[in-house]
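Beneath this line is the structure, given in structure tokens, with notes to follow.
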Amino acid sequence: MKRNPSHRALLYGRSAVLGLVVLVLLVAGVLASWDAAHHIVLAKGREHGTMTVTGCGDEVCTGTFAPGEGASARSRVSVDSSVAARRGDRFPVVVKPGTDEVVRTGAAGFLHAWVPLGGALVLAALVIGGGLRLARTAWGAGVAGGALLLAAFVAL
């Protein structure tokens with residue numbers, strides 16, 4: 001059976017739109033991750049040190065900053081509450097330039113920064129598998145996203 005040109009055009013159009021949806025999901029995941037990740041990935045020249053958590057609120061945890069080489073001590077810095085577990089915890093951080101906000105570094109901080117990309121990969125896998133009907137690619141994206149989410153959960 002031969003398909004008519006309009007049917008073929010609809011199939012190509014559907015694939016193009018779904019491909020665009022996947023692209024938007026992945027770009028959004030990278031941009032959301034890059035907000036915190038660039039402080040870790042491009043950490044050369046930034047202030048490094050160790051944060052000791054003294055208290056946590058609903059959205060942020062605060063604590064003291066013990067400086068590393070080339071950094072100055074700070075009596076109060078803040079970090080996302082999802083990164084800091086509880087009062088008394090100590091972990092390596094880098095200070096965001098011009099602020100008293102810090103980002104957790106090391107393997108746990110790196111993985112936590114890329115969590116939005118992991119979620120975007122899982123969502124994109126559903127579109128890739130269900131809409132584009134590319135099962136192997138969908139499984140690859142879904143497993144990669146799930147592995148990233150699981151690794152961040154275990155590391156923190």
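How things are named: the first chain in the structure tokens is A, the next is B, and so on; residues count from 1 in each chain; ligands count from 1 in the order shown.
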6 Å contact set for A:Ser78, only C-alpha atoms, chain neighbours under 5 positions out, as a PyMOL selection string: chain A and resi 61-62+101
Write down as an MDAnalysis selection string the residues belonging to stretch 1-85 of chain A that are assigned alpha helix (DSSP H) by DSSP computed on the backbone. chainID A and resid 5:41
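For the residues A:Leu23, A:Ile40, A:Ala151, A:Ile128, ranking by smallest atom-to-atom distance to A:Val94 using only C-alpha atoms places A:Ile40 first.
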Show me, as a count of residues only, the residues that have an atom within 8 Å of A:Ser75 when counting only C-alpha atoms, minus same-chain residues fewer than 3 positions from it. 3
So that I can check the surroundings of A:Ala113, please list as an MDAnalysis selection string every protein, DNA and RNA residue that reaches within 8 Å of it, counting only C-alpha atoms and ignoring chain neighbours fewer than 4 positions away. chainID A and resid 33:34 36:37 109
Measuring atom to atom with only C-alpha atoms, identify which of A:Val79, A:Leu150, A:Val122, A:Ala107 is nearest to A:Glu59. A:Val79
Residues near stretch 85-91 of chain A, anyone? I mean within 7 Å using only C-alpha atoms, not counting same-chain ones fewer than 5 positions away, as a PyMOL selection string. chain A and resi 50-55
Would you write out those residues with C-alpha atoms, as a CSV table (one decimal), in the first residue's frame?
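out_3.csv, written as the output of this step:
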```csv
chain,number,residue,atom,x,y,z
A,50,THR,CA,34.4,24.2,54.1
A,51,MET,CA,30.9,25.0,55.4
A,52,THR,CA,29.7,24.0,58.8
A,53,VAL,CA,25.9,24.0,59.0
A,54,THR,CA,24.5,25.9,62.0
A,55,GLY,CA,20.9,26.0,61.1
```
So, with only C-alpha atoms as the atoms that count, which of A:Val115, A:Leu42, A:Ala73, A:Ser15 lies closest to A:Ala28? A:Val115
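Closest approach to A:Pro116 among A:Gly57, A:Asp80, A:Leu26, A:Ala9 is made by A:Leu26 (distances from only C-alpha atoms).
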Can you pull out every residue within 8 Å of A:Leu18, counting only C-alpha atoms, but drop anything in the same chain fewer than 3 positions away, and send it as a VMD selection string? chain A and resid 14 to 15 21 to 22 127 to 128 131 to 132
Can you pull out every residue within 9 Å of A:His39, counting only C-alpha atoms, but drop anything in the same chain fewer than 4 positions away, and send it as a list in words? Trp34, Asp35, Ala43, Lys44, Arg46, Val94, Val95, Lys96, Val103 and Thr105 of chain A
Write the selection just made, keeping C-alpha atoms, as a PDB file, in the first residue's frame?
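result-v6.pdb was written with the following content:
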```pdb
ATOM      1  CA  TRP A  34      24.242  24.997  34.696  1.00  0.00           C
ATOM      2  CA  ASP A  35      23.096  27.662  37.189  1.00  0.00           C
ATOM      3  CA  ALA A  43      35.833  26.716  39.998  1.00  0.00           C
ATOM      4  CA  LYS A  44      39.347  27.974  39.245  1.00  0.00           C
ATOM      5  CA  ARG A  46      36.884  31.162  43.131  1.00  0.00           C
ATOM      6  CA  VAL A  94      32.785  27.211  46.625  1.00  0.00           C
ATOM      7  CA  VAL A  95      31.491  30.764  47.108  1.00  0.00           C
ATOM      8  CA  LYS A  96      29.389  32.327  44.345  1.00  0.00           C
ATOM      9  CA  VAL A 103      27.579  25.710  46.250  1.00  0.00           C
ATOM     10  CA  THR A 105      31.558  20.828  45.599  1.00  0.00           C
TER      11      THR A 105
END
```
Give me, as a ChimeraX atom specification, the residues of chain A that a backbone DSSP run labels strand (DSSP E or B). /A:48-56,60-67,74-80,90-95,101-104
Find, counting only C-alpha atoms, the residue in A:Val102, A:Gly49, A:Asp58, A:Val93 that gets nearest to A:Ser81. A:Asp58
